[in-house]
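The structure under discussion appears below in the form of structure tokens.
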Amino acid sequence: MIDVLFADLPVARRREAASLAAHYVAGVLDRESLVEGVNVLVAAAGFRPGDRVQTLKGSLHGVVRQLMPDGRVVWRPDGNKSDLVALPESLVTETKR
């Protein structure tokens with residue numbers, strides 16, 4: 001069912017959504033955490049050039065420069081002159097510092 005509901009997401013994000021749903025059904029995850037997790041997965045799938053992003057742990061912050069045809073994200077960390085290429089599942093929309 002998750003594959004159908006989230007068909008527009010990359011495969012890795014659909015797997016993460018399925019894992020969240022399974023944990024919710026098993027009673028390990030509460031509803032609020034499920035909704036928050038799915039919202040993060042969906043928001044990250046919609047990156048656009050110019051969006052502020054950060055790594056999952058928040059150790060690097062930067063700006064999306066372009067989206068590659070295969071779904072990878074080209075981004076530039078703050079203070080760097082070089083671009084990095086990342087899978088979209090390794091970045092999230094930046095939280096306010």
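Every chain in the structure tokens takes a letter, A first, then B, and so on in the order presented; its residues are numbered from 1, and the ligands are numbered from 1 following the presented order.
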
**Report entry** Spatial neighbours of segment 81-86 of chain A, 12 Å, only C-alpha atoms, chain gap at least 5 places, as a list in words
**Finding:**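 The residues that qualify are Phe47, Val53, Gln54, Thr55, Leu56, Leu60, His61, Gly62, Val63, Val64, Arg65, Gln66, Leu67, Met68, Asp70, Gly71, Arg72, Val73, Val74, Trp75, Arg76, Leu91 and Val92 of chain A.
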
Filtering to C-alpha atoms, could you give me those residues as a short mmCIF file (atom, residue, chain, number, x, y, z; two decimals), in the first residue's frame?
data_model
loop_
_atom_site.label_atom_id
_atom_site.label_comp_id
_atom_site.auth_asym_id
_atom_site.auth_seq_id
_atom_site.Cartn_x
_atom_site.Cartn_y
_atom_site.Cartn_z
CA PHE A 47 14.10 19.74 -3.41
CA VAL A 53 19.40 21.86 3.09
CA GLN A 54 21.41 20.10 5.75
CA THR A 55 22.80 16.63 6.23
CA LEU A 56 20.69 14.24 8.31
CA LEU A 60 26.69 20.54 7.16
CA HIS A 61 24.32 23.18 5.84
CA GLY A 62 24.15 24.51 2.30
CA VAL A 63 22.16 25.29 -0.84
CA VAL A 64 20.81 23.03 -3.58
CA ARG A 65 22.45 24.01 -6.89
CA GLN A 66 20.77 21.55 -9.27
CA LEU A 67 18.91 18.26 -9.53
CA MET A 68 20.43 15.61 -11.74
CA ASP A 70 18.88 10.40 -11.96
CA GLY A 71 17.52 12.16 -8.85
CA ARG A 72 20.82 13.00 -7.17
CA VAL A 73 21.19 16.47 -5.66
CA VAL A 74 24.09 18.80 -6.42
CA TRP A 75 24.56 21.11 -3.45
CA ARG A 76 27.16 23.46 -2.04
CA LEU A 91 19.64 15.54 2.95
CA VAL A 92 16.73 17.25 4.64
#

Report task. Find the residues near segment 29-41 of chain A: any atom within 9 Å, counting only C-alpha atoms, skip ones fewer than 2 places away on the same chain, and give them as a PyMOL selection string. Result -> chain A and resi 9+13-14+16-17+20-27+43-45+89+92-93

Requested in this report: Would you work out the distance separating atom CA of Gly46 of chain A from atom CA of Arg15 of chain A, expressed in Å to one decimal?
Outcome: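 Taking atom CA of Gly46 of chain A and atom CA of Arg15 of chain A, their separation equals 17.1 Å.
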
Query raised in the report: In chain A, what's helix (DSSP H, G or I) per DSSP? Answer as an MDAnalysis selection string?
Result: chainID A and resid 2:5 11:25 31:45 88:90

Which of chain A counts as strand (DSSP E) under DSSP, as an mmCIF file with C-alpha atoms, in the first residue's frame please?
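Written file, selection29.cif:
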data_model
loop_
_atom_site.group_PDB
_atom_site.id
_atom_site.type_symbol
_atom_site.label_atom_id
_atom_site.label_comp_id
_atom_site.auth_asym_id
_atom_site.auth_seq_id
_atom_site.Cartn_x
_atom_site.Cartn_y
_atom_site.Cartn_z
ATOM 1 C CA ARG A 52 18.464 25.403 2.010
ATOM 2 C CA VAL A 53 19.400 21.861 3.085
ATOM 3 C CA GLN A 54 21.408 20.102 5.753
ATOM 4 C CA THR A 55 22.799 16.628 6.229
ATOM 5 C CA HIS A 61 24.323 23.183 5.836
ATOM 6 C CA GLY A 62 24.146 24.515 2.303
ATOM 7 C CA VAL A 63 22.156 25.288 -0.835
ATOM 8 C CA VAL A 64 20.814 23.030 -3.584
ATOM 9 C CA ARG A 65 22.446 24.009 -6.888
ATOM 10 C CA GLN A 66 20.772 21.552 -9.273
ATOM 11 C CA LEU A 67 18.914 18.259 -9.530
ATOM 12 C CA VAL A 73 21.186 16.466 -5.661
ATOM 13 C CA VAL A 74 24.091 18.800 -6.420
ATOM 14 C CA TRP A 75 24.561 21.107 -3.450
ATOM 15 C CA ARG A 76 27.156 23.463 -2.041
ATOM 16 C CA PRO A 77 27.898 23.486 1.694
ATOM 17 C CA LEU A 84 28.879 17.935 -3.518
ATOM 18 C CA VAL A 85 26.601 15.313 -5.044
ATOM 19 C CA ALA A 86 24.247 13.490 -2.701
ATOM 20 C CA LEU A 91 19.644 15.539 2.948
ATOM 21 C CA VAL A 92 16.731 17.253 4.640
ATOM 22 C CA THR A 93 15.315 20.739 4.424
#
